[in-house]
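Structure first, then comments.
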Amino acid sequence: MLFAAGPLVCLGKQFAMMEMRMILATLLQRVEPNLADGFEPDFVTELSMHPGERGMQADVHFY
Ligand code: HEM
């Protein structure tokens with residue numbers, strides 16, 4: 001996200017970033033992800049654990 005830098009840096013940057021988190025958190029409350037039928041996830045454990053190459057196939061229900 002480009003907020004510029006130096007003397008013309010956006011004065012609302014911190015507010016805008018916080019606003020984006022609030023909007024995301026609000027939207028995520030209305031999302032229900034479920035693993036796709038028959039999909040067996042595999043995991044890669046590195047610095048953090050994350051899904052393997054096949055990703056995380058899910059049906060996402062918005063309500
Ligand atoms: C995603 C949201 C936003 C983006 C991407 C953004 C981006 C920018 C950019 C690129 C500039 C520099 C413009 C230039 O070169 O003159 C700027 C300036 C500015 N922005 Fe934002 N902005 C955002 C949200 C906001 C919000 C929410 C506020 C106020 C609540 C705000 C207040 C300002 C002000 C007052 C300046 C002028 C700063 C100065 O010239 O001293 N911005 N913004």
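How things are named: the first chain in the structure tokens is A, the next is B, and so on; residues count from 1 in each chain; ligands count from 1 in the order shown.
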
_Show me which residues line ligand 1, defined as having an atom within 6 Å of a ligand atom where only C-alpha atoms and all ligand atoms count, and present them as an MDAnalysis selection string._
chainID A and resid 1:4 8:13 15:16

Using the selection just defined, write its residues with C-alpha atoms as a PDB file, in the first residue's frame.
ATOM      1  CA  MET A   1       0.000   0.000   0.000  1.00  0.00           C
ATOM      2  CA  LEU A   2       1.518   3.222  -1.114  1.00  0.00           C
ATOM      3  CA  PHE A   3       1.339   6.052   1.407  1.00  0.00           C
ATOM      4  CA  ALA A   4       4.327   7.957  -0.003  1.00  0.00           C
ATOM      5  CA  LEU A   8       4.705  14.196   1.694  1.00  0.00           C
ATOM      6  CA  VAL A   9       4.018  11.035   3.717  1.00  0.00           C
ATOM      7  CA  CYS A  10       0.315  10.337   4.292  1.00  0.00           C
ATOM      8  CA  LEU A  11      -0.848  11.753   7.607  1.00  0.00           C
ATOM      9  CA  GLY A  12      -3.634   9.156   7.786  1.00  0.00           C
ATOM     10  CA  LYS A  13      -1.397   6.118   7.273  1.00  0.00           C
ATOM     11  CA  PHE A  15      -5.428   5.387  10.854  1.00  0.00           C
ATOM     12  CA  ALA A  16      -5.930   3.828   7.409  1.00  0.00           C
TER      13      ALA A  16
END

*Skipping near chain neighbours, those fewer than 4 positions away, what residues fall within 10 Å of Glu40 (chain A) using only C-alpha atoms, listed as an MDAnalysis selection string?*
chainID A and resid 35:36 54 56:57

Selection file, N, CA and C atoms, as a PDB file, in the first residue's frame:
ATOM      1  N   LEU A  35     -13.163 -27.347   5.223  1.00  0.00           N
ATOM      2  CA  LEU A  35     -12.360 -28.126   4.287  1.00  0.00           C
ATOM      3  C   LEU A  35     -13.272 -28.741   3.234  1.00  0.00           C
ATOM      4  N   ALA A  36     -12.820 -28.726   1.960  1.00  0.00           N
ATOM      5  CA  ALA A  36     -13.591 -29.327   0.876  1.00  0.00           C
ATOM      6  C   ALA A  36     -13.778 -30.814   1.159  1.00  0.00           C
ATOM      7  N   ARG A  54      -0.417 -28.580  -2.162  1.00  0.00           N
ATOM      8  CA  ARG A  54      -1.823 -28.639  -2.626  1.00  0.00           C
ATOM      9  C   ARG A  54      -2.682 -27.572  -1.973  1.00  0.00           C
ATOM     10  N   MET A  56      -4.851 -25.397   0.689  1.00  0.00           N
ATOM     11  CA  MET A  56      -5.918 -25.724   1.632  1.00  0.00           C
ATOM     12  C   MET A  56      -7.247 -25.528   0.901  1.00  0.00           C
ATOM     13  N   GLN A  57      -7.728 -26.634   0.285  1.00  0.00           N
ATOM     14  CA  GLN A  57      -8.963 -26.524  -0.490  1.00  0.00           C
ATOM     15  C   GLN A  57     -10.143 -26.421   0.462  1.00  0.00           C
TER      16      GLN A  57
END

Please identify all polymer residues within 6 Å of Gly52 (chain A), counting only C-alpha atoms, omitting same-chain residues fewer than 4 positions from it, and present them as an mmCIF file with C-alpha atoms, in the first residue's frame.
data_model
loop_
_atom_site.group_PDB
_atom_site.id
_atom_site.type_symbol
_atom_site.label_atom_id
_atom_site.label_comp_id
_atom_site.auth_asym_id
_atom_site.auth_seq_id
_atom_site.Cartn_x
_atom_site.Cartn_y
_atom_site.Cartn_z
ATOM 1 C CA ASP A 42 -0.763 -31.886 4.397
ATOM 2 C CA PHE A 43 1.488 -29.530 6.285
ATOM 3 C CA VAL A 44 5.012 -28.219 5.924
#

*asked:* If I take CA of Phe62 (chain A) and CA of Gln29 (chain A), how far is one from the other in Å, to one decimal?
replied: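 Computing it gives 9.3 Å between the two atoms.
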
*Return as a PyMOL selection string the full set of residues in region 17-61 of chain A whose backbone-based DSSP assignment is alpha helix (DSSP H).*
chain A and resi 17-28

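Close contacts of Asn34 (chain A), defined as residues with an atom at most 9 Å away when counting only C-alpha atoms, with chain neighbours fewer than 3 positions off set aside, comprise Asp37, Gln57, Ala58, Asp59, Val60 and His61 of chain A.
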
*Please, which residues of chain A, numbered as in this document, come out strand (DSSP E) from DSSP, as a list in words?*
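Taking chain A and keeping strand (DSSP E) only, one gets Val31, Glu32, Pro33, Asn34, Leu35, Phe43, Val44, Thr45, Met49, His50, Pro51, Ala58, Asp59, Val60, His61 and Phe62 of chain A.
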